[in-house]
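Here's the structure we're looking at; comments come further down.
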Amino acid sequence: MAKKMRIGWFSFSCSEDSSILFAELMNDHFFEWTEKIEFAHCRMLRSKNDLSNLDVAFVEGAIASEEDERKLKEIRQNARYLVAIGACAVTGMPSAQRNFFDEKTMAEIRPIMQKFGHRDKVAALKELVQVDDEVPGCPMDETVFFQVLDKYLKQFGVQ
């Protein structure tokens with residue numbers, strides 16, 4: 001059996017436009033990718049997912065809650081490489097808009113933030129964990145995504 005790269009695709013606080021684009025790219029590349037990629041954790045494809053021993057974790061979205069931060073750190077521990085996907089993952093914005101709210105607005109939303117375990121500040125991935133590559137854009141830049149994907153396929157010796 002041919003060697004495959006084991007990946008995970010994850011989404012946090014964002015519009016999930018990069019996940020939608022990824023699903024659209026699968027329309028054209030699914031059969032090619034399934035020969036090269038093991039989709040170990042990809043909720044849009046599988047109901048049973050496995051987070052262990054990932055070669056590459058593709059992570060979309062900013063981190064807005066304590067639970068999301070915990071999950072991100074677990075993903076990082078289980079992946080050899082982590083790629084930030086899309087503007088929210090790379091820069092935190094636009095998901096991090098509340099980081100710039102005035103004190104009056106923050107006082108109004110603070111009870112909701114506390115109720116749902118939200119962090120004081122929304123964070124880009126690199127503020128919390130090591131990020132090995134970034135794919136900017138909202139949605140992600142398709143050309144950069146293919147370059148990063150190709151880089152890791154070659155790195156893992158997947159033909």
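Naming scheme: A, B, ... for chains in displayed order of the structure tokens; residues 1 onward per chain; ligands 1 onward as shown.
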With a distance cut-off of 6 Å and only C-alpha atoms, select the neighbouring residues of segment 18-23 of chain A, excluding the residue or stretch itself and same-chain residues fewer than 2 positions from it, and output the selection as a list in words.
->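 Skipping anything fewer than 2 positions along the chain leaves Glu16, Leu25, Met26, Pro139 and Met140 of chain A.
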Nearby residues (only C-alpha atoms) at most 10 Å from Ser13 of chain A, same-chain spacing under 6 positions excluded, as a PyMOL selection string | chain A and resi 60-65+68+88-89+92+94-96+122-123
Using only C-alpha atoms, which of A:Asp55, A:Asp141, A:Asp132, A:Asp28 sits nearest Ala40 of chain A?
->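 Of A:Asp55, A:Asp141, A:Asp132, A:Asp28, the one nearest Ala40 of chain A is A:Asp55, counting only C-alpha atoms.
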Report as a PyMOL selection string: the residues of segment 23-76 of chain A with a DSSP assignment of strand (DSSP E or B), based on the backbone of this structure.
-> chain A and resi 37-42+54-60+62-65
Where does segment 11-58 of chain A meet segment 74-79 of chain A within 10 Å, residue by residue, with the nearest atom pair and distance in Å to one decimal for each, counting only C-alpha atoms, listed by chain and rising number, as a tab-separated table?
residue	atom	partner	partner_atom	distance
A:Leu51	CA	A:Asn78	CA	6.6
A:Ser52	CA	A:Asn78	CA	5.4
A:Asn53	CA	A:Asn78	CA	5.4
A:Leu54	CA	A:Ala79	CA	4.5
A:Asp55	CA	A:Ala79	CA	5.5
A:Val56	CA	A:Ala79	CA	5.7
A:Ala57	CA	A:Ala79	CA	5.9
A:Phe58	CA	A:Ala79	CA	9.6
Which of these residues is nearest to Val83 of chain A, using only C-alpha atoms: A:Leu153, A:Val59, A:Val144, A:Cys14?
->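 Closest to Val83 of chain A of all the choices is A:Val59.
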In Å, with one decimal, what is the gap from atom CA of Glu35 of chain A to atom CA of Glu142 of chain A?
->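 Going from atom CA of Glu35 of chain A over to atom CA of Glu142 of chain A, I get 20.6 Å.
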Separation of atom CA of Asp133 of chain A from atom CA of Glu67 of chain A in Å =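 Taking atom CA of Glu67 of chain A as the start and atom CA of Asp133 of chain A as the end point, the length is 23.3 Å.
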With distances taken over only C-alpha atoms, which of A:Phe156, A:Gln130, A:Lys4, A:Met113 is nearest to Trp33 of chain A?
->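 Answer, going by the shortest atom-to-atom distance: A:Lys4.
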